[in-house]
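Next comes target.csv, with CSV, C-alpha atoms.
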```
chain,number,residue,atom,x,y,z
A,1,MET,CA,-141.8,146.8,167.1
A,2,THR,CA,-138.4,148.2,168.0
A,3,GLU,CA,-137.7,151.5,169.7
A,4,GLY,CA,-141.3,152.6,169.1
A,5,GLY,CA,-141.2,152.0,165.4
A,6,LYS,CA,-138.3,154.2,164.5
A,7,VAL,CA,-135.8,154.2,161.7
A,8,ALA,CA,-132.3,155.5,161.7
A,9,VAL,CA,-131.2,157.8,158.9
A,10,VAL,CA,-127.6,158.6,158.1
A,11,ALA,CA,-126.3,161.1,155.6
A,12,CYS,CA,-122.7,161.2,154.4
A,13,ALA,CA,-122.7,165.0,154.7
A,14,GLY,CA,-119.5,165.2,152.6
A,15,MET,CA,-117.8,168.5,152.7
A,16,ASP,CA,-116.2,168.6,149.3
A,17,LYS,CA,-119.2,168.0,147.1
A,18,PRO,CA,-122.5,169.9,146.7
A,19,LEU,CA,-124.4,166.6,146.6
A,20,GLY,CA,-123.0,165.9,150.1
A,21,SER,CA,-124.7,169.0,151.3
A,22,VAL,CA,-127.9,167.9,149.5
A,23,ALA,CA,-127.7,164.6,151.4
A,24,ARG,CA,-127.4,166.4,154.7
A,25,ALA,CA,-130.3,168.9,153.9
A,26,SER,CA,-132.6,166.1,152.8
A,27,VAL,CA,-132.1,164.2,156.1
A,28,PHE,CA,-132.8,167.4,158.1
A,29,LYS,CA,-136.1,167.8,156.2
A,30,ALA,CA,-137.1,164.2,156.8
A,31,VAL,CA,-136.3,164.4,160.5
A,32,GLU,CA,-137.5,167.9,161.3
A,33,GLU,CA,-140.4,168.4,158.9
A,34,LEU,CA,-141.7,165.1,157.5
A,35,ARG,CA,-141.3,162.3,160.0
A,36,PRO,CA,-140.0,163.9,163.3
A,37,LYS,CA,-141.4,161.1,165.5
A,38,LYS,CA,-140.3,158.2,163.4
A,39,VAL,CA,-136.7,159.1,162.5
A,40,GLU,CA,-133.5,159.0,164.5
A,41,MET,CA,-130.8,161.0,162.8
A,42,ILE,CA,-127.3,159.5,163.1
A,43,CYS,CA,-124.3,161.8,162.9
A,44,LEU,CA,-121.4,159.8,161.3
A,45,PRO,CA,-118.3,161.4,162.9
A,46,PRO,CA,-119.3,160.7,166.5
A,47,LEU,CA,-120.3,157.2,165.5
A,48,LEU,CA,-116.9,156.6,164.0
A,49,ALA,CA,-115.0,158.4,166.7
A,50,GLY,CA,-116.8,156.4,169.3
A,51,VAL,CA,-118.0,159.3,171.3
A,52,SER,CA,-121.7,158.6,171.4
A,53,SER,CA,-124.3,155.8,171.8
A,54,TYR,CA,-125.1,155.8,168.1
A,55,SER,CA,-123.5,152.4,167.7
A,56,GLU,CA,-126.3,150.9,169.8
A,57,LEU,CA,-129.0,152.7,167.8
A,58,ILE,CA,-127.7,151.5,164.4
A,59,ARG,CA,-127.7,147.9,165.6
A,60,ALA,CA,-131.2,148.1,167.0
A,61,LEU,CA,-133.0,150.0,164.2
A,62,PRO,CA,-133.3,149.6,160.5
A,63,VAL,CA,-131.0,152.1,158.8
A,64,ILE,CA,-131.5,154.2,155.6
A,65,THR,CA,-128.3,155.6,154.2
A,66,VAL,CA,-128.1,158.7,152.0
A,67,ASP,CA,-124.8,159.1,150.1
A,68,GLY,CA,-123.6,162.1,148.2
A,69,CYS,CA,-121.1,160.4,145.9
A,70,ALA,CA,-120.1,157.1,144.5
A,71,GLU,CA,-117.7,156.5,147.4
A,72,ARG,CA,-120.8,155.7,149.4
A,73,CYS,CA,-119.1,156.5,152.7
A,74,ALA,CA,-122.3,156.5,154.8
A,75,THR,CA,-123.2,153.0,153.5
A,76,LYS,CA,-119.6,151.7,154.0
A,77,LEU,CA,-119.3,153.1,157.5
A,78,ILE,CA,-122.7,151.7,158.7
A,79,VAL,CA,-121.8,148.3,157.4
A,80,LYS,CA,-118.4,148.5,159.1
A,81,SER,CA,-120.1,149.5,162.4
A,82,GLY,CA,-122.5,146.6,162.3
A,83,GLY,CA,-125.7,148.4,161.2
A,84,LYS,CA,-128.6,146.8,159.4
A,85,ILE,CA,-129.2,148.8,156.2
A,86,ARG,CA,-132.7,148.5,154.9
A,87,GLY,CA,-132.7,151.4,152.4
A,88,ARG,CA,-130.1,153.3,150.4
A,89,ILE,CA,-130.3,156.5,148.4
A,90,LEU,CA,-127.5,157.7,146.2
A,91,VAL,CA,-127.9,161.5,145.6
A,92,PRO,CA,-126.1,161.6,142.2
A,93,ASP,CA,-128.7,159.1,140.9
A,94,SER,CA,-131.6,161.3,142.1
A,95,ALA,CA,-129.9,164.4,140.7
A,96,LYS,CA,-129.6,162.8,137.3
A,97,LYS,CA,-133.2,161.4,137.4
A,98,HIS,CA,-134.7,164.8,138.2
A,99,ASN,CA,-132.1,166.9,136.4
A,100,LEU,CA,-131.5,169.1,139.4
A,101,VAL,CA,-128.0,170.4,140.2
A,102,PRO,CA,-127.2,172.4,143.4
A,103,GLU,CA,-125.3,175.7,143.1
A,104,SER,CA,-122.5,174.9,145.6
A,105,ALA,CA,-121.7,173.0,148.8
A,106,SER,CA,-122.6,176.1,150.9
A,107,HIS,CA,-125.5,177.4,148.9
A,108,LEU,CA,-127.8,174.8,147.5
A,109,GLY,CA,-129.9,177.3,145.6
A,110,PRO,CA,-133.5,176.6,144.4
A,111,ASN,CA,-132.6,173.4,142.4
A,112,GLY,CA,-130.5,172.0,145.3
A,113,GLU,CA,-133.3,172.7,147.7
A,114,LYS,CA,-135.9,171.1,145.4
A,115,LEU,CA,-133.7,168.0,145.1
A,116,ALA,CA,-133.3,167.8,148.9
A,117,GLN,CA,-137.1,168.0,149.3
A,118,ILE,CA,-137.6,165.2,146.7
A,119,ILE,CA,-135.0,163.0,148.5
A,120,ALA,CA,-136.6,163.8,151.9
A,121,GLU,CA,-139.9,162.6,150.6
A,122,GLU,CA,-138.3,159.4,149.4
A,123,ILE,CA,-136.8,158.9,152.8
A,124,ALA,CA,-140.2,159.6,154.5
A,125,SER,CA,-141.8,157.0,152.2
A,126,ALA,CA,-139.1,154.4,153.0
A,127,VAL,CA,-139.6,155.2,156.7
A,128,ASP,CA,-143.3,154.5,156.4
A,129,GLN,CA,-142.8,151.2,154.6
A,130,LEU,CA,-140.2,150.1,157.1
A,131,THR,CA,-142.2,151.0,160.2
A,132,GLN,CA,-145.4,149.3,158.8
A,133,ARG,CA,-143.4,146.1,158.6
A,134,MET,CA,-142.4,146.3,162.3
B,1,MET,CA,-91.2,169.9,136.7
B,2,ALA,CA,-94.4,170.6,138.6
B,3,ILE,CA,-93.9,172.8,141.7
B,4,PHE,CA,-96.4,172.0,144.4
B,5,LYS,CA,-97.7,174.8,146.4
B,6,GLU,CA,-98.0,174.3,150.2
B,7,LYS,CA,-101.6,173.6,151.3
B,8,VAL,CA,-103.3,173.2,154.6
B,9,GLY,CA,-106.0,170.6,155.0
B,10,VAL,CA,-109.1,171.7,156.9
B,11,VAL,CA,-111.1,168.9,158.4
B,12,SER,CA,-114.6,169.9,159.5
B,13,CYS,CA,-117.1,167.9,161.5
B,14,SER,CA,-120.3,167.5,159.6
B,15,GLY,CA,-122.2,167.9,162.8
B,16,GLU,CA,-125.8,167.2,162.3
B,17,GLU,CA,-126.6,167.1,166.0
B,18,ILE,CA,-126.3,170.7,166.9
B,19,PRO,CA,-126.3,174.1,165.1
B,20,GLU,CA,-122.6,174.6,165.9
B,21,GLY,CA,-121.9,171.7,163.5
B,22,THR,CA,-123.5,173.7,160.7
B,23,ILE,CA,-121.4,176.7,161.7
B,24,SER,CA,-118.2,174.7,161.5
B,25,ARG,CA,-119.2,173.4,158.1
B,26,ILE,CA,-120.1,176.9,156.6
B,27,ALA,CA,-117.1,178.5,158.2
B,28,THR,CA,-114.9,175.9,156.6
B,29,ARG,CA,-116.5,176.5,153.2
B,30,LEU,CA,-115.9,180.3,153.6
B,31,VAL,CA,-112.2,179.7,154.2
B,32,LEU,CA,-112.0,177.4,151.1
B,33,GLU,CA,-114.0,179.5,148.8
B,34,LYS,CA,-113.3,183.1,149.9
B,35,LEU,CA,-110.6,183.7,152.6
B,36,ARG,CA,-107.8,181.3,151.6
B,37,PRO,CA,-108.9,179.5,148.4
B,38,ASP,CA,-105.3,179.0,147.2
B,39,GLU,CA,-103.9,177.8,150.4
B,40,THR,CA,-106.4,175.3,151.6
B,41,VAL,CA,-108.1,172.1,150.7
B,42,THR,CA,-110.8,170.3,152.6
B,43,ILE,CA,-110.5,166.8,153.8
B,44,CYS,CA,-113.9,165.0,153.6
B,45,LEU,CA,-114.4,163.6,157.1
B,46,PRO,CA,-116.7,160.7,156.2
B,47,LEU,CA,-114.3,159.7,153.4
B,48,PHE,CA,-111.4,160.1,155.7
B,49,LEU,CA,-113.0,157.9,158.3
B,50,ALA,CA,-114.1,155.4,155.7
B,51,GLY,CA,-110.4,154.8,155.0
B,52,GLU,CA,-109.8,156.5,151.7
B,53,GLU,CA,-106.0,156.4,151.4
B,54,GLY,CA,-105.7,159.7,149.5
B,55,GLU,CA,-107.3,161.7,152.2
B,56,ARG,CA,-105.3,160.0,154.9
B,57,ALA,CA,-102.0,160.4,153.1
B,58,PHE,CA,-102.6,164.1,152.6
B,59,ALA,CA,-103.3,164.6,156.3
B,60,LYS,CA,-100.1,162.7,157.2
B,61,GLN,CA,-97.9,164.8,154.9
B,62,PHE,CA,-99.4,168.3,155.3
B,63,ASN,CA,-100.6,170.4,158.2
B,64,THR,CA,-104.2,170.0,159.1
B,65,ILE,CA,-106.6,172.2,161.0
B,66,THR,CA,-109.6,170.6,162.6
B,67,VAL,CA,-112.9,172.4,163.0
B,68,ASP,CA,-115.3,170.9,165.5
B,69,GLY,CA,-118.8,172.1,166.4
B,70,CYS,CA,-118.7,170.9,170.0
B,71,GLY,CA,-116.6,169.4,172.8
B,72,LYS,CA,-116.9,165.9,171.4
B,73,ARG,CA,-114.1,167.0,168.9
B,74,CYS,CA,-114.9,164.2,166.4
B,75,ALA,CA,-112.8,165.8,163.6
B,76,GLU,CA,-109.8,166.1,165.9
B,77,ILE,CA,-110.2,162.6,167.3
B,78,GLY,CA,-110.6,161.1,163.9
B,79,THR,CA,-107.6,163.0,162.5
B,80,MET,CA,-105.4,162.0,165.5
B,81,LYS,CA,-106.5,158.4,165.1
B,82,TYR,CA,-105.7,158.0,161.4
B,83,SER,CA,-103.2,160.7,160.4
B,84,GLY,CA,-101.6,162.3,163.5
B,85,LYS,CA,-101.9,165.5,165.5
B,86,PRO,CA,-103.5,168.4,163.8
B,87,PHE,CA,-101.5,171.7,163.6
B,88,ALA,CA,-104.4,173.5,165.2
B,89,THR,CA,-107.9,172.9,166.4
B,90,VAL,CA,-110.9,175.2,166.3
B,91,VAL,CA,-114.0,174.5,168.4
B,92,VAL,CA,-117.1,176.5,167.7
B,93,THR,CA,-118.5,176.2,171.2
B,94,GLU,CA,-115.3,177.7,172.5
B,95,ILE,CA,-115.5,180.7,170.2
B,96,LEU,CA,-119.2,181.1,171.0
B,97,LYS,CA,-118.2,181.8,174.6
B,98,LYS,CA,-116.8,185.1,173.5
B,99,TYR,CA,-120.3,186.2,172.5
B,100,PRO,CA,-122.4,185.9,175.6
B,101,GLY,CA,-126.1,186.1,175.0
B,102,PHE,CA,-125.8,185.0,171.4
B,103,THR,CA,-127.4,181.7,170.7
B,104,LEU,CA,-127.5,179.5,167.6
B,105,LYS,CA,-130.7,178.0,166.4
B,106,SER,CA,-130.4,176.8,162.8
B,107,LYS,CA,-129.1,173.4,161.9
B,108,ASN,CA,-129.8,173.8,158.2
B,109,GLU,CA,-130.1,177.3,156.8
B,110,LEU,CA,-128.4,180.0,158.8
B,111,ASN,CA,-130.0,183.3,159.6
B,112,ALA,CA,-128.2,186.7,159.0
B,113,GLU,CA,-126.7,186.8,162.5
B,114,GLU,CA,-125.6,183.2,162.3
B,115,TRP,CA,-123.9,183.9,159.0
B,116,LYS,CA,-122.0,186.8,160.6
B,117,PHE,CA,-120.9,184.5,163.4
B,118,ALA,CA,-119.8,181.8,160.8
B,119,GLU,CA,-117.7,184.6,159.2
B,120,LYS,CA,-116.0,185.2,162.5
B,121,VAL,CA,-115.2,181.5,162.9
B,122,ALA,CA,-113.9,181.5,159.3
B,123,GLU,CA,-111.5,184.3,160.2
B,124,GLU,CA,-110.2,182.3,163.2
B,125,ILE,CA,-109.6,179.3,160.9
B,126,ALA,CA,-107.8,181.6,158.3
B,127,LYS,CA,-105.5,182.9,161.1
B,128,LYS,CA,-104.6,179.3,161.9
B,129,VAL,CA,-104.0,178.6,158.2
B,130,ASP,CA,-101.5,181.5,158.0
B,131,GLU,CA,-99.8,180.2,161.1
B,132,ALA,CA,-99.5,176.8,159.6
B,133,LEU,CA,-98.0,178.1,156.4
B,134,GLY,CA,-95.6,180.3,158.3
B,135,ARG,CA,-94.4,177.4,160.3
B,136,GLN,CA,-94.0,175.2,157.3
B,137,LYS,CA,-91.8,177.9,155.7
B,138,ILE,CA,-89.5,178.1,158.8
B,139,GLN,CA,-89.1,174.3,158.8
B,140,ALA,CA,-88.3,174.3,155.1
B,141,ARG,CA,-85.5,176.9,155.6
B,142,ARG,CA,-84.0,174.9,158.4
B,143,GLU,CA,-83.8,171.8,156.2
B,144,GLU,CA,-81.8,173.7,153.5
B,145,PRO,CA,-78.1,172.8,153.4
```

Before we go any further, please render this structure as structure tokens.
Amino acid sequence: MTEGGKVAVVACAGMDKPLGSVARASVFKAVEELRPKKVEMICLPPLLAGVSSYSELIRALPVITVDGCAERCATKLIVKSGGKIRGRILVPDSAKKHNLVPESASHLGPNGEKLAQIIAEEIASAVDQLTQRM
Amino acid sequence: MAIFKEKVGVVSCSGEEIPEGTISRIATRLVLEKLRPDETVTICLPLFLAGEEGERAFAKQFNTITVDGCGKRCAEIGTMKYSGKPFATVVVTEILKKYPGFTLKSKNELNAEEWKFAEKVAEEIAKKVDEALGRQKIQARREEP
């Protein structure tokens, strides 16, 4: 078992799309409410700017990426940084599947919050599966 | 012929580590949506760092203002690395020093006091936007024959 059975979760947190904000909110819910002891949240800008020890974490732990658009920046950047991706969530697919559209990037509104909660539960479920395998 | 209006790119950290990152993000949205909607665009930092050419080309050609939540200054470092020196930098922890006793707690949804503080930060960014546009206009005049 690595790092006490933890999983790293990375959201794209894109500024220009509401679904980027949903990605960010879902990761907060997973980390702070659903699986606080099992998840390490990775902040992308410090990882890429080389100002933190996140690069060691993403190489040591299985990683789940949560992308807000088809550019899939979180996934691309984790691959580029040598991380081992074991789960991926594309927020637009979840939005389509559940027919939930957030209000804006700064105010998710009830539908955006509901979508973030659903995705957070998906993350938690994936974390459980991954940690059981360790 | 299409005439392009001058724009300023605002690059915000997405800071998930600390509440100041959330403030930088909300303040940036306030500038884009309410304070200077016609004069600003946002540059998506993850997309920019991932190497999207459109984002990087914009940041090379137009003035940028970076908004960082903390002293790590990831947005500033990323912008300097890939597109050049930003016109101005705003660091939330620096602005916070002007409000002794006030502490930020929320990383997701801001409370009423934190919203007010985000509005103050947005005003600081808007001032930098005005300065950036003013400087661009002076440079344009100098280049005229």

Mind dumping a table of every chain B residue within 12 Å of chain A, with the nearest atom pair and its distance in Å to one decimal, using all atoms listed in the file, sorted by chain and rising number, as a tab-separated table?
```
residue	atom	partner	partner_atom	distance
B:Gly9	CA	A:Asp16	CA	11.9
B:Val10	CA	A:Met15	CA	10.2
B:Val11	CA	A:Met15	CA	8.8
B:Ser12	CA	A:Met15	CA	7.6
B:Cys13	CA	A:Pro45	CA	6.8
B:Ser14	CA	A:Ala13	CA	6.0
B:Gly15	CA	A:Cys43	CA	6.5
B:Glu16	CA	A:Cys43	CA	5.6
B:Glu17	CA	A:Cys43	CA	6.6
B:Ile18	CA	A:Cys43	CA	10.0
B:Pro19	CA	A:Phe28	CA	11.7
B:Gly21	CA	A:Cys43	CA	10.2
B:Thr22	CA	A:Ser106	CA	10.1
B:Ile23	CA	A:Ser106	CA	10.9
B:Ser24	CA	A:Met15	CA	10.8
B:Arg25	CA	A:Met15	CA	7.4
B:Ile26	CA	A:Ser106	CA	6.3
B:Ala27	CA	A:Ser106	CA	9.4
B:Thr28	CA	A:Met15	CA	8.9
B:Arg29	CA	A:Ser106	CA	6.5
B:Leu30	CA	A:Ser106	CA	8.4
B:Val31	CA	A:Ser106	CA	11.5
B:Leu32	CA	A:Asp16	CA	9.9
B:Glu33	CA	A:Ser106	CA	9.5
B:Lys34	CA	A:Ser106	CA	11.7
B:Val41	CA	A:Asp16	CA	8.9
B:Thr42	CA	A:Asp16	CA	6.6
B:Ile43	CA	A:Asp16	CA	7.5
B:Cys44	CA	A:Met15	CA	5.3
B:Leu45	CA	A:Gly14	CA	7.0
B:Pro46	CA	A:Cys73	CA	6.0
B:Leu47	CA	A:Cys73	CA	5.8
B:Phe48	CA	A:Cys73	CA	9.0
B:Leu49	CA	A:Leu48	CA	7.0
B:Ala50	CA	A:Cys73	CA	5.9
B:Gly51	CA	A:Cys73	CA	9.2
B:Glu52	CA	A:Glu71	CA	9.0
B:Glu55	CA	A:Asp16	CA	11.6
B:Asp68	CA	A:Pro45	CA	10.3
B:Gly69	CA	A:Pro45	CA	11.3
B:Cys70	CA	A:Pro46	CA	10.8
B:Gly71	CA	A:Val51	CA	10.3
B:Lys72	CA	A:Val51	CA	6.7
B:Arg73	CA	A:Pro46	CA	8.5
B:Cys74	CA	A:Pro46	CA	5.6
B:Ala75	CA	A:Pro45	CA	7.1
B:Glu76	CA	A:Ala49	CA	9.3
B:Ile77	CA	A:Ala49	CA	6.4
B:Gly78	CA	A:Ala49	CA	5.9
B:Thr79	CA	A:Ala49	CA	9.7
B:Met80	CA	A:Ala49	CA	10.3
B:Lys81	CA	A:Ala49	CA	8.6
B:Tyr82	CA	A:Ala49	CA	10.7
B:Ser106	CA	A:Phe28	CA	10.8
B:Lys107	CA	A:Phe28	CA	8.0
B:Asn108	CA	A:Ala25	CA	6.5
B:Glu109	CA	A:Ala25	CA	8.9
B:Leu110	CA	A:Ser106	CA	10.5
B:Trp115	CA	A:Ser106	CA	11.3
B:Ala118	CA	A:Ser106	CA	11.8
```

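The interatomic distance for the pair atom CA of Arg86 of chain A and atom CA of Leu115 of chain A works out to 21.8 Å.
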
How many Å separate atom CA of Val9 of chain A from atom CA of Val67 of chain B? 23.8 Å

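Shortest atom-to-atom contact with Asn111 of chain A among A:Val63, A:Leu130, A:Ile123, A:His98: A:His98, counting all atoms listed in the file.
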
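For the atom pair formed by atom CA of Lys96 of chain A and atom CA of Gly109 of chain A, the distance is 16.7 Å, given to one decimal.
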
Given the choices A:Gly83, A:Gly68, A:Pro36, A:Pro18, which gets closest to Glu113 of chain A if the distance is worked out from only C-alpha atoms? A:Pro18

Name the residues in contact with Ile65 of chain B at a cut-off of 6 Å, using only C-alpha atoms, excluding same-chain residues fewer than 3 positions from it; report them as a JSON list (two decimals) with C-alpha atoms, keeping the file's coordinate frame.
```json
[["chain", "number", "residue", "atom", "x", "y", "z"],
["B", 10, "VAL", "CA", -109.10, 171.70, 156.90],
["B", 86, "PRO", "CA", -103.50, 168.40, 163.80],
["B", 87, "PHE", "CA", -101.50, 171.70, 163.60],
["B", 88, "ALA", "CA", -104.40, 173.50, 165.20],
["B", 89, "THR", "CA", -107.90, 172.90, 166.40]]
```

Give me the residues within 12 Å of Arg133 of chain A as a ChimeraX atom specification, counting all atoms listed in the file and dropping any in the same chain fewer than 4 places off. /A:1-2,5-7,62,86,126-129

Have segment 49-64 of chain A completed to N, CA and C atoms, please, and pass it along as a tab-separated table (two decimals), in the frame of the given file.
```
chain	number	residue	atom	x	y	z
A	49	ALA	N	-115.97	158.04	165.69
A	49	ALA	CA	-115.00	158.40	166.70
A	49	ALA	C	-115.28	157.77	168.03
A	50	GLY	N	-116.42	157.09	168.11
A	50	GLY	CA	-116.80	156.40	169.30
A	50	GLY	C	-117.13	157.24	170.50
A	51	VAL	N	-117.71	158.41	170.20
A	51	VAL	CA	-118.00	159.30	171.30
A	51	VAL	C	-119.52	159.47	171.56
A	52	SER	N	-120.30	158.52	171.10
A	52	SER	CA	-121.70	158.60	171.40
A	52	SER	C	-122.33	157.21	171.42
A	53	SER	N	-123.63	157.14	171.70
A	53	SER	CA	-124.30	155.80	171.80
A	53	SER	C	-124.93	155.44	170.45
A	54	TYR	N	-124.51	156.10	169.37
A	54	TYR	CA	-125.10	155.80	168.10
A	54	TYR	C	-124.90	154.36	167.63
A	55	SER	N	-123.80	153.76	168.08
A	55	SER	CA	-123.50	152.40	167.70
A	55	SER	C	-124.64	151.44	168.11
A	56	GLU	N	-125.21	151.69	169.29
A	56	GLU	CA	-126.30	150.90	169.80
A	56	GLU	C	-127.56	151.08	168.90
A	57	LEU	N	-127.80	152.34	168.56
A	57	LEU	CA	-129.00	152.70	167.80
A	57	LEU	C	-128.94	152.00	166.38
A	58	ILE	N	-127.79	152.06	165.72
A	58	ILE	CA	-127.70	151.50	164.40
A	58	ILE	C	-127.81	149.98	164.35
A	59	ARG	N	-127.52	149.38	165.48
A	59	ARG	CA	-127.70	147.90	165.60
A	59	ARG	C	-129.11	147.55	165.91
A	60	ALA	N	-129.80	148.44	166.57
A	60	ALA	CA	-131.20	148.10	167.00
A	60	ALA	C	-132.24	148.51	165.99
A	61	LEU	N	-131.95	149.54	165.17
A	61	LEU	CA	-133.00	150.00	164.20
A	61	LEU	C	-132.63	149.73	162.79
A	62	PRO	N	-133.65	149.61	161.93
A	62	PRO	CA	-133.30	149.60	160.50
A	62	PRO	C	-132.72	150.89	160.07
A	63	VAL	N	-131.77	150.84	159.15
A	63	VAL	CA	-131.00	152.10	158.80
A	63	VAL	C	-131.25	152.39	157.30
A	64	ILE	N	-131.45	153.68	157.04
A	64	ILE	CA	-131.50	154.20	155.60
A	64	ILE	C	-130.24	155.07	155.50
```
